[in-house]
file final-v6.pdb (PDB, C-alpha atoms and all ligand atoms)
ATOM      1  CA  MET V   1      72.130  26.320 220.069
ATOM      2  CA  ALA V   2      70.245  28.240 222.757
ATOM      3  CA  SER V   3      72.170  30.783 224.778
ATOM      4  CA  ILE V   4      72.100  29.839 228.471
ATOM      5  CA  ASN V   5      71.099  33.342 229.513
ATOM      6  CA  LYS V   6      67.912  33.422 227.484
ATOM      7  CA  PRO V   7      64.771  33.862 229.596
ATOM      8  CA  PHE V   8      62.402  30.934 229.137
ATOM      9  CA  SER V   9      58.639  30.550 229.463
ATOM     10  CA  GLN V  10      57.224  27.018 229.386
ATOM     11  CA  SER V  11      53.726  28.349 228.608
ATOM     12  CA  CYS V  12      55.086  29.989 225.427
ATOM     13  CA  GLU V  13      56.435  26.609 224.334
ATOM     14  CA  ASN V  14      53.132  24.913 225.138
ATOM     15  CA  ASN V  15      50.834  27.310 223.302
ATOM     16  CA  LYS V  16      52.922  28.493 220.333
ATOM     17  CA  ASP V  17      51.672  25.927 217.791
ATOM     18  CA  VAL V  18      47.977  26.406 218.468
ATOM     19  CA  ILE V  19      48.356  30.174 218.399
ATOM     20  CA  LEU V  20      50.358  29.989 215.163
ATOM     21  CA  LYS V  21      47.514  28.116 213.426
ATOM     22  CA  VAL V  22      45.135  30.981 214.214
ATOM     23  CA  LEU V  23      47.642  33.700 213.287
ATOM     24  CA  GLU V  24      48.371  32.054 209.922
ATOM     25  CA  GLN V  25      44.755  32.707 208.938
ATOM     26  CA  ALA V  26      44.138  35.987 210.744
ATOM     27  CA  LEU V  27      47.335  37.695 209.537
ATOM     28  CA  LYS V  28      47.703  36.271 206.044
ATOM     29  CA  GLU V  29      46.878  39.586 204.354
ATOM     30  CA  HIS V  30      48.694  41.848 206.792
ATOM     31  CA  ASN V  31      52.199  43.271 206.720
ATOM     32  CA  LYS V  32      53.412  44.830 209.921
ATOM     33  CA  VAL V  33      52.595  43.543 213.411
ATOM     34  CA  LEU V  34      53.125  45.276 216.722
ATOM     35  CA  GLU V  35      53.457  42.737 219.540
ATOM     36  CA  ILE V  36      52.501  44.219 222.917
ATOM     37  CA  GLY V  37      54.208  42.690 225.962
ATOM     38  CA  SER V  38      56.663  40.431 224.115
ATOM     39  CA  GLY V  39      57.881  39.043 227.459
ATOM     40  CA  THR V  40      60.770  36.636 226.850
ATOM     41  CA  GLY V  41      60.684  37.155 223.057
ATOM     42  CA  GLN V  42      59.963  33.457 222.406
ATOM     43  CA  HIS V  43      56.640  34.079 220.687
ATOM     44  CA  ALA V  44      58.165  36.791 218.496
ATOM     45  CA  VAL V  45      60.933  34.480 217.291
ATOM     46  CA  TYR V  46      58.586  31.563 216.628
ATOM     47  CA  PHE V  47      55.837  33.527 214.926
ATOM     48  CA  GLY V  48      58.263  35.778 213.044
ATOM     49  CA  GLU V  49      60.124  32.749 211.655
ATOM     50  CA  HIS V  50      56.895  30.999 210.608
ATOM     51  CA  LEU V  51      55.113  34.088 209.267
ATOM     52  CA  SER V  52      57.949  35.431 207.172
ATOM     53  CA  HIS V  53      55.681  37.734 205.133
ATOM     54  CA  LEU V  54      55.247  39.855 208.279
ATOM     55  CA  GLN V  55      57.493  42.426 209.851
ATOM     56  CA  TRP V  56      57.217  41.652 213.585
ATOM     57  CA  GLN V  57      57.883  44.582 215.928
ATOM     58  CA  THR V  58      58.549  43.452 219.499
ATOM     59  CA  SER V  59      57.727  45.745 222.424
ATOM     60  CA  ASP V  60      57.554  45.645 226.189
ATOM     61  CA  MET V  61      58.512  47.482 229.330
ATOM     62  CA  VAL V  62      62.241  48.223 229.319
ATOM     63  CA  HIS V  63      63.215  45.611 231.920
ATOM     64  CA  ASN V  64      62.312  42.850 229.433
ATOM     65  CA  HIS V  65      64.296  44.242 226.497
ATOM     66  CA  ASN V  66      67.607  42.479 227.171
ATOM     67  CA  GLY V  67      65.878  39.100 227.354
ATOM     68  CA  ILE V  68      64.055  39.723 224.063
ATOM     69  CA  ARG V  69      67.355  40.771 222.472
ATOM     70  CA  THR V  70      69.032  37.500 223.509
ATOM     71  CA  TRP V  71      66.310  35.535 221.703
ATOM     72  CA  LEU V  72      66.657  37.751 218.621
ATOM     73  CA  ALA V  73      70.442  37.341 218.671
ATOM     74  CA  ASP V  74      70.027  33.565 218.342
ATOM     75  CA  CYS V  75      67.610  33.875 215.430
ATOM     76  CA  ASP V  76      68.422  34.344 211.738
ATOM     77  CA  ALA V  77      65.099  35.918 210.734
ATOM     78  CA  SER V  78      65.515  39.515 209.586
ATOM     79  CA  ASN V  79      61.798  40.349 209.818
ATOM     80  CA  ILE V  80      61.750  40.497 213.654
ATOM     81  CA  LEU V  81      62.632  43.914 215.013
ATOM     82  CA  PRO V  82      64.354  44.669 218.344
ATOM     83  CA  PRO V  83      62.058  45.816 221.154
ATOM     84  CA  VAL V  84      60.718  49.329 221.511
ATOM     85  CA  GLU V  85      59.416  50.570 224.823
ATOM     86  CA  PHE V  86      55.647  50.412 224.985
ATOM     87  CA  THR V  87      54.184  50.577 228.477
ATOM     88  CA  LEU V  88      50.444  51.160 228.617
ATOM     89  CA  GLY V  89      49.778  54.102 230.905
ATOM     90  CA  LYS V  90      53.171  55.636 230.138
ATOM     91  CA  SER V  91      54.128  55.441 226.459
ATOM     92  CA  ASP V  92      52.734  56.905 223.273
ATOM     93  CA  TRP V  93      51.777  54.556 220.455
ATOM     94  CA  PRO V  94      55.022  53.262 218.888
ATOM     95  CA  LYS V  95      56.142  54.715 215.563
ATOM     96  CA  GLY V  96      55.385  52.540 212.547
ATOM     97  CA  GLU V  97      52.546  51.820 210.188
ATOM     98  CA  PHE V  98      51.181  48.729 211.951
ATOM     99  CA  ASP V  99      48.227  47.051 210.287
ATOM    100  CA  ALA V 100      48.083  44.309 212.942
ATOM    101  CA  VAL V 101      48.601  43.933 216.691
ATOM    102  CA  PHE V 102      49.247  40.751 218.677
ATOM    103  CA  THR V 103      49.350  40.293 222.411
ATOM    104  CA  ALA V 104      49.453  37.176 224.614
ATOM    105  CA  ASN V 105      48.839  36.887 228.329
ATOM    106  CA  THR V 106      49.029  40.595 229.014
ATOM    107  CA  THR V 107      45.422  41.749 229.472
ATOM    108  CA  HIS V 108      45.012  40.054 232.886
ATOM    109  CA  ILE V 109      48.436  41.228 234.058
ATOM    110  CA  MET V 110      47.703  44.902 233.326
ATOM    111  CA  GLN V 111      45.664  47.030 235.688
ATOM    112  CA  PRO V 112      42.108  47.546 234.366
ATOM    113  CA  ALA V 113      42.859  51.150 233.348
ATOM    114  CA  GLU V 114      45.902  49.946 231.375
ATOM    115  CA  ALA V 115      43.888  47.189 229.692
ATOM    116  CA  GLN V 116      41.229  49.759 228.790
ATOM    117  CA  LEU V 117      43.865  52.090 227.391
ATOM    118  CA  MET V 118      45.313  49.221 225.336
ATOM    119  CA  MET V 119      41.928  48.544 223.734
ATOM    120  CA  GLU V 120      41.358  52.263 223.072
ATOM    121  CA  MET V 121      44.831  52.879 221.625
ATOM    122  CA  ILE V 122      44.603  49.883 219.315
ATOM    123  CA  ALA V 123      41.144  50.966 218.137
ATOM    124  CA  LYS V 124      42.464  54.454 217.459
ATOM    125  CA  ASN V 125      45.745  53.554 215.780
ATOM    126  CA  LEU V 126      44.941  50.547 213.605
ATOM    127  CA  PRO V 127      44.025  51.511 210.026
ATOM    128  CA  GLU V 128      40.801  50.346 208.390
ATOM    129  CA  GLY V 129      41.094  46.605 207.786
ATOM    130  CA  GLY V 130      43.596  46.259 210.621
ATOM    131  CA  VAL V 131      43.418  43.237 212.912
ATOM    132  CA  PHE V 132      44.133  42.668 216.614
ATOM    133  CA  CYS V 133      44.746  39.134 217.927
ATOM    134  CA  GLN V 134      44.480  38.921 221.733
ATOM    135  CA  TYR V 135      45.387  35.646 223.466
ATOM    136  CA  GLY V 136      44.740  34.768 227.095
ATOM    137  CA  PRO V 137      42.117  33.833 229.679
ATOM    138  CA  PHE V 138      38.888  35.845 229.478
ATOM    139  CA  ASN V 139      35.550  35.704 231.279
ATOM    140  CA  ILE V 140      32.341  35.329 229.283
ATOM    141  CA  ASP V 141      29.187  37.158 230.423
ATOM    142  CA  GLY V 142      31.125  38.170 233.527
ATOM    143  CA  LYS V 143      31.659  34.526 234.536
ATOM    144  CA  TYR V 144      34.781  32.385 234.784
ATOM    145  CA  THR V 145      34.996  29.722 232.099
ATOM    146  CA  SER V 146      36.608  27.218 234.503
ATOM    147  CA  GLU V 147      37.439  26.678 238.154
ATOM    148  CA  SER V 148      41.123  26.802 237.333
ATOM    149  CA  ASN V 149      40.681  30.305 235.860
ATOM    150  CA  GLN V 150      38.858  31.334 239.042
ATOM    151  CA  ARG V 151      41.803  30.082 241.139
ATOM    152  CA  PHE V 152      44.225  31.782 238.768
ATOM    153  CA  ASP V 153      42.348  35.081 239.163
ATOM    154  CA  LYS V 154      42.679  34.857 242.962
ATOM    155  CA  HIS V 155      46.395  34.328 242.489
ATOM    156  CA  LEU V 156      46.598  37.329 240.125
ATOM    157  CA  GLU V 157      44.851  39.462 242.716
ATOM    158  CA  SER V 158      47.315  38.370 245.417
ATOM    159  CA  GLU V 159      50.162  39.377 243.072
ATOM    160  CA  GLY V 160      48.687  42.844 242.499
ATOM    161  CA  CYS V 161      47.768  42.156 238.853
ATOM    162  CA  GLY V 162      44.576  43.556 237.332
ATOM    163  CA  GLY V 163      42.936  40.160 236.799
ATOM    164  CA  ILE V 164      40.913  38.359 234.152
ATOM    165  CA  ARG V 165      38.735  40.706 232.111
ATOM    166  CA  SER V 166      35.341  39.936 230.608
ATOM    167  CA  VAL V 167      34.992  39.877 226.848
ATOM    168  CA  GLU V 168      31.958  42.187 227.216
ATOM    169  CA  GLU V 169      34.065  44.733 229.103
ATOM    170  CA  LEU V 170      36.697  44.647 226.342
ATOM    171  CA  VAL V 171      33.984  45.128 223.692
ATOM    172  CA  ALA V 172      32.770  48.255 225.525
ATOM    173  CA  TRP V 173      36.319  49.634 225.684
ATOM    174  CA  ALA V 174      37.285  48.784 222.088
ATOM    175  CA  LYS V 175      35.002  51.306 220.367
ATOM    176  CA  GLY V 176      35.845  51.234 216.656
ATOM    177  CA  LEU V 177      36.878  47.564 216.713
ATOM    178  CA  THR V 178      34.564  44.667 215.925
ATOM    179  CA  LEU V 179      35.033  41.342 217.675
ATOM    180  CA  VAL V 180      34.822  39.009 214.687
ATOM    181  CA  ASP V 181      35.891  35.733 216.293
ATOM    182  CA  LYS V 182      36.496  34.173 219.690
ATOM    183  CA  VAL V 183      38.564  31.043 219.172
ATOM    184  CA  ALA V 184      38.621  28.573 222.075
ATOM    185  CA  MET V 185      42.151  27.420 222.888
ATOM    186  CA  PRO V 186      43.571  24.748 225.203
ATOM    187  CA  ALA V 187      43.817  25.390 228.954
ATOM    188  CA  ASN V 188      40.687  27.573 229.067
ATOM    189  CA  ASN V 189      42.154  30.356 226.938
ATOM    190  CA  PHE V 190      40.825  32.166 223.883
ATOM    191  CA  ILE V 191      42.151  34.170 220.999
ATOM    192  CA  LEU V 192      39.934  37.153 220.417
ATOM    193  CA  ILE V 193      40.104  38.422 216.839
ATOM    194  CA  TRP V 194      39.204  42.078 216.444
ATOM    195  CA  ARG V 195      38.972  43.976 213.178
ATOM    196  CA  LYS V 196      38.685  47.626 212.354
ATOM    197  CA  ILE V 197      35.853  47.611 209.893
ATOM    198  CA  GLY V 198      34.381  50.733 208.281
ATOM    199  CA  GLN V 199      31.367  51.975 210.248
TER     200      GLN V 199
HETATM  201  C1  LIG C   1      52.641  37.083 231.637
HETATM  202  S1  LIG C   1      53.704  38.076 230.695
HETATM  203  C2  LIG C   1      53.349  37.509 229.044
HETATM  204  C3  LIG C   1      54.542  37.620 228.158
HETATM  205  C4  LIG C   1      54.392  36.974 226.773
HETATM  206  N1  LIG C   1      53.518  37.760 225.930
HETATM  207  C5  LIG C   1      53.905  35.555 226.902
HETATM  208  O1  LIG C   1      52.824  35.224 226.409
HETATM  209  O2  LIG C   1      54.641  34.757 227.493
HETATM  210  C6  LIG C   1      52.936  39.675 230.772
HETATM  211  C7  LIG C   1      53.649  40.729 229.955
HETATM  212  O3  LIG C   1      52.876  41.929 230.024
HETATM  213  C8  LIG C   1      53.772  43.014 230.127
HETATM  214  N2  LIG C   1      53.054  44.154 230.723
HETATM  215  C9  LIG C   1      52.499  44.230 231.957
HETATM  216  N3  LIG C   1      51.961  45.451 232.159
HETATM  217  C10 LIG C   1      52.176  46.160 231.013
HETATM  218  C11 LIG C   1      51.871  47.489 230.595
HETATM  219  N4  LIG C   1      51.242  48.360 231.388
HETATM  220  N5  LIG C   1      52.240  47.861 229.348
HETATM  221  C12 LIG C   1      52.875  47.003 228.518
HETATM  222  N6  LIG C   1      53.193  45.734 228.871
HETATM  223  C13 LIG C   1      52.854  45.322 230.098
HETATM  224  C14 LIG C   1      54.889  42.481 231.015
HETATM  225  O4  LIG C   1      56.054  43.248 230.938
HETATM  226  C15 LIG C   1      55.052  41.073 230.473
HETATM  227  O5  LIG C   1      55.934  41.002 229.409
END

call {"tool": "encode", "arguments": {"input": "final-v6.pdb", "output": "structure tokens", "more": "lines below"}}
Ligand SMILES: C[S@@+](CC[C@H](N)C(=O)[O-])C[C@H]1O[C@@H](n2cnc3c(N)ncnc32)[C@H](O)[C@@H]1O
result
Amino acid sequence: MASINKPFSQSCENNKDVILKVLEQALKEHNKVLEIGSGTGQHAVYFGEHLSHLQWQTSDMVHNHNGIRTWLADCDASNILPPVEFTLGKSDWPKGEFDAVFTANTTHIMQPAEAQLMMEMIAKNLPEGGVFCQYGPFNIDGKYTSESNQRFDKHLESEGCGGIRSVEELVAWAKGLTLVDKVAMPANNFILIWRKIGQ
């Protein structure tokens, strides 16, 4: 039974099944995932429970840690680890031998310099063969993929967020990673699948 104090995100409920289908394939040969910006912790619990071969390390800025812990407290899975602080622009890369990274709906929230740093740190710290799955709204060729994303970007700007990034911009920042797939998702989102492949 859900604890009444658990933070809740409706968008996590809406997108978790379609994301899971992609992660099942992308992460089937991986072992240890770092999730950046775990938010409420809902994704971590759902994906950790369904992908039990993975150790799922949650992370976020400290103010979200209690919420993530309440979701973990209601969950029996032992492969989902309590949050560590990881704030792009402030923190070092978390300790642990991560061969995969997952993040959802964070790239457009971060300031551009933080998003750039995220791409660079992942490229630097993933081992050869490592994979990065990045979910969210992205522009293609510098253009919005829908009018609703354009409106959303205006809203992000008014909230002081960094805004929707172009895939091409991310490619330029992620030196050392190869964008191997760009999976279209409902509601004008994508999952970008990046791999560290020997040069
Ligand atoms: C819109 S929420 C998404 C949360 C969750 N991943 C989801 O899909 O519901 C954005 C998340 O990005 C995190 N975030 C924003 N700026 C960050 C930064 N500089 N470093 C790490 N996380 C950041 C926030 O704390 C928040 O958890």

call {"tool": "closest_atom_pairs", "arguments": {"input": "final-v6.pdb", "of": "chain V", "to": "ligand LIG 1 (chain C)", "cutoff": "9 Å", "atoms": "all atoms listed in the file", "output": "Markdown table"}}
result
| residue | atom | partner | partner_atom | distance |
| --- | --- | --- | --- | --- |
| V:Phe8 | CA | C:LIG1 | O2 | 8.8 |
| V:Ser9 | CA | C:LIG1 | O2 | 6.1 |
| V:Gln10 | CA | C:LIG1 | O2 | 8.4 |
| V:Ser11 | CA | C:LIG1 | O2 | 6.6 |
| V:Cys12 | CA | C:LIG1 | O2 | 5.2 |
| V:Glu13 | CA | C:LIG1 | O2 | 8.9 |
| V:Asn15 | CA | C:LIG1 | O1 | 8.7 |
| V:Glu35 | CA | C:LIG1 | N1 | 8.1 |
| V:Ile36 | CA | C:LIG1 | N6 | 6.2 |
| V:Gly37 | CA | C:LIG1 | C8 | 4.2 |
| V:Ser38 | CA | C:LIG1 | N1 | 4.5 |
| V:Gly39 | CA | C:LIG1 | O5 | 3.4 |
| V:Thr40 | CA | C:LIG1 | C4 | 6.4 |
| V:Gly41 | CA | C:LIG1 | C4 | 7.3 |
| V:Gln42 | CA | C:LIG1 | O2 | 7.5 |
| V:His43 | CA | C:LIG1 | C5 | 6.9 |
| V:Ala44 | CA | C:LIG1 | N1 | 8.8 |
| V:Ser59 | CA | C:LIG1 | N6 | 7.9 |
| V:Asp60 | CA | C:LIG1 | N6 | 5.1 |
| V:Met61 | CA | C:LIG1 | O4 | 5.2 |
| V:Val62 | CA | C:LIG1 | O4 | 8.1 |
| V:His63 | CA | C:LIG1 | O4 | 7.6 |
| V:Asn64 | CA | C:LIG1 | O4 | 6.4 |
| V:Glu85 | CA | C:LIG1 | C12 | 8.3 |
| V:Phe86 | CA | C:LIG1 | C12 | 5.6 |
| V:Thr87 | CA | C:LIG1 | N5 | 3.5 |
| V:Leu88 | CA | C:LIG1 | N5 | 3.8 |
| V:Gly89 | CA | C:LIG1 | N4 | 5.9 |
| V:Lys90 | CA | C:LIG1 | N4 | 7.6 |
| V:Ser91 | CA | C:LIG1 | N5 | 8.3 |
| V:Phe102 | CA | C:LIG1 | N1 | 8.9 |
| V:Thr103 | CA | C:LIG1 | N1 | 6.0 |
| V:Ala104 | CA | C:LIG1 | O1 | 4.3 |
| V:Asn105 | CA | C:LIG1 | C2 | 4.6 |
| V:Thr106 | CA | C:LIG1 | O3 | 4.2 |
| V:Thr107 | CA | C:LIG1 | O3 | 7.5 |
| V:His108 | CA | C:LIG1 | C6 | 8.2 |
| V:Ile109 | CA | C:LIG1 | C9 | 5.5 |
| V:Met110 | CA | C:LIG1 | N3 | 4.4 |
| V:Gln111 | CA | C:LIG1 | N4 | 7.2 |
| V:Glu114 | CA | C:LIG1 | N4 | 5.6 |
| V:Ala115 | CA | C:LIG1 | N4 | 7.6 |
| V:Met118 | CA | C:LIG1 | N5 | 8.1 |
| V:Tyr135 | CA | C:LIG1 | O1 | 8.0 |
| V:Gly136 | CA | C:LIG1 | O1 | 8.1 |
| V:Cys161 | CA | C:LIG1 | N3 | 8.6 |

call {"tool": "resolve_selection", "arguments": {"input": "final-v6.pdb", "expression": "the PyMOL selection byres (((chain V and resi 176) around 7) and not hetatm)", "output": "PyMOL selection string"}}
result
chain V and resi 123+174-175+177-178+196

call {"tool": "atom_distance", "arguments": {"input": "final-v6.pdb", "atom1": "CA of Ala73 in chain V", "atom2": "CA of Asp92 in chain V"}}
result
26.8 Å

call {"tool": "atom_distance", "arguments": {"input": "final-v6.pdb", "atom1": "CA of His30 in chain V", "atom2": "CA of Phe98 in chain V"}}
result
9.0 Å

call {"tool": "residues_around", "arguments": {"input": "final-v6.pdb", "residues": "Leu192 in chain V", "least_positions_apart": "6", "cutoff": "6 Å", "atoms": "only C-alpha atoms", "output": "PyMOL selection string"}}
result
chain V and resi 133-134+181-182

call {"tool": "atom_distance", "arguments": {"input": "final-v6.pdb", "atom1": "CA of Pro83 in chain V", "atom2": "CA of Asn31 in chain V"}}
result
17.7 Å

call {"tool": "closest_residue", "arguments": {"input": "final-v6.pdb", "among": "V:Gly163, V:Leu34, V:Ile191, V:Cys75", "to": "Arg151 in chain V", "atoms": "only C-alpha atoms"}}
result
V:Gly163

call {"tool": "residues_around", "arguments": {"input": "final-v6.pdb", "residues": "Val180 in chain V", "least_positions_apart": "3", "cutoff": "7 Å", "atoms": "only C-alpha atoms", "output": "MDAnalysis selection string"}}
result
chainID V and resid 193:195

call {"tool": "write_last_selection", "arguments": {"input": "final-v6.pdb", "atoms": "C-alpha atoms", "output": "short mmCIF file (atom, residue, chain, number, x, y, z; two decimals), keeping the file's coordinate frame"}}
result
data_model
loop_
_atom_site.label_atom_id
_atom_site.label_comp_id
_atom_site.auth_asym_id
_atom_site.auth_seq_id
_atom_site.Cartn_x
_atom_site.Cartn_y
_atom_site.Cartn_z
CA ILE V 193 40.10 38.42 216.84
CA TRP V 194 39.20 42.08 216.44
CA ARG V 195 38.97 43.98 213.18
#

call {"tool": "resolve_selection", "arguments": {"input": "final-v6.pdb", "expression": "the PyMOL selection byres (((chain V and resi 138-150) around 9) and not hetatm)", "output": "list in words"}}
result
Thr107, His108, Tyr135, Gly136, Pro137, Arg151, Phe152, Asp153, Lys154, His155, Ile164, Arg165, Ser166, Val167, Glu168, Glu169, Ala187, Asn188, Asn189 and Phe190 of chain V

call {"tool": "closest_residue", "arguments": {"input": "final-v6.pdb", "among": "V:Val101, V:Leu179, V:Ile19, V:Val171", "to": "Lys32 in chain V", "atoms": "all atoms listed in the file"}}
result
V:Val101

call {"tool": "closest_residue", "arguments": {"input": "final-v6.pdb", "among": "V:Gly198, V:Ile80, V:Leu23, V:Thr70", "to": "Val45 in chain V", "atoms": "only C-alpha atoms"}}
result
V:Ile80

call {"tool": "resolve_selection", "arguments": {"input": "final-v6.pdb", "expression": "the PyMOL selection byres (((chain V and resi 127) around 9) and not hetatm)", "output": "VMD selection string"}}
result
chain V and resid 97 to 100 123 to 126 128 to 131 196

call {"tool": "closest_residue", "arguments": {"input": "final-v6.pdb", "among": "V:Pro7, V:Gln116, V:Gly96, V:His53", "to": "Trp71 in chain V", "atoms": "only C-alpha atoms"}}
result
V:Pro7

call {"tool": "build_atoms", "arguments": {"input": "final-v6.pdb", "residues": "range 184-196 of chain V", "atoms": "N, CA and C atoms", "output": "PDB file, keeping the file's coordinate frame"}}
result
ATOM      1  N   ALA V 184      38.283  29.297 220.840  1.00  0.00           N
ATOM      2  CA  ALA V 184      38.621  28.573 222.075  1.00  0.00           C
ATOM      3  C   ALA V 184      39.963  27.869 221.898  1.00  0.00           C
ATOM      4  N   MET V 185      40.805  27.993 222.917  1.00  0.00           N
ATOM      5  CA  MET V 185      42.151  27.420 222.888  1.00  0.00           C
ATOM      6  C   MET V 185      42.309  26.473 224.072  1.00  0.00           C
ATOM      7  N   PRO V 186      43.359  25.642 224.057  1.00  0.00           N
ATOM      8  CA  PRO V 186      43.571  24.748 225.203  1.00  0.00           C
ATOM      9  C   PRO V 186      43.746  25.534 226.503  1.00  0.00           C
ATOM     10  N   ALA V 187      43.577  24.834 227.613  1.00  0.00           N
ATOM     11  CA  ALA V 187      43.817  25.390 228.954  1.00  0.00           C
ATOM     12  C   ALA V 187      42.923  26.604 229.253  1.00  0.00           C
ATOM     13  N   ASN V 188      41.691  26.540 228.749  1.00  0.00           N
ATOM     14  CA  ASN V 188      40.687  27.573 229.067  1.00  0.00           C
ATOM     15  C   ASN V 188      41.103  28.979 228.639  1.00  0.00           C
ATOM     16  N   ASN V 189      41.798  29.057 227.521  1.00  0.00           N
ATOM     17  CA  ASN V 189      42.154  30.356 226.938  1.00  0.00           C
ATOM     18  C   ASN V 189      41.359  30.579 225.657  1.00  0.00           C
ATOM     19  N   PHE V 190      41.435  31.805 225.160  1.00  0.00           N
ATOM     20  CA  PHE V 190      40.825  32.166 223.883  1.00  0.00           C
ATOM     21  C   PHE V 190      41.807  33.014 223.089  1.00  0.00           C
ATOM     22  N   ILE V 191      41.601  33.049 221.769  1.00  0.00           N
ATOM     23  CA  ILE V 191      42.151  34.170 220.999  1.00  0.00           C
ATOM     24  C   ILE V 191      40.959  34.976 220.515  1.00  0.00           C
ATOM     25  N   LEU V 192      40.952  36.230 220.899  1.00  0.00           N
ATOM     26  CA  LEU V 192      39.934  37.153 220.417  1.00  0.00           C
ATOM     27  C   LEU V 192      40.486  37.814 219.152  1.00  0.00           C
ATOM     28  N   ILE V 193      39.688  37.798 218.094  1.00  0.00           N
ATOM     29  CA  ILE V 193      40.104  38.422 216.839  1.00  0.00           C
ATOM     30  C   ILE V 193      39.232  39.654 216.629  1.00  0.00           C
ATOM     31  N   TRP V 194      39.885  40.796 216.610  1.00  0.00           N
ATOM     32  CA  TRP V 194      39.204  42.078 216.444  1.00  0.00           C
ATOM     33  C   TRP V 194      39.598  42.660 215.091  1.00  0.00           C
ATOM     34  N   ARG V 195      38.637  43.295 214.435  1.00  0.00           N
ATOM     35  CA  ARG V 195      38.972  43.976 213.178  1.00  0.00           C
ATOM     36  C   ARG V 195      38.434  45.396 213.189  1.00  0.00           C
ATOM     37  N   LYS V 196      39.188  46.261 212.542  1.00  0.00           N
ATOM     38  CA  LYS V 196      38.685  47.626 212.354  1.00  0.00           C
ATOM     39  C   LYS V 196      37.981  47.655 211.010  1.00  0.00           C
TER      40      LYS V 196
END
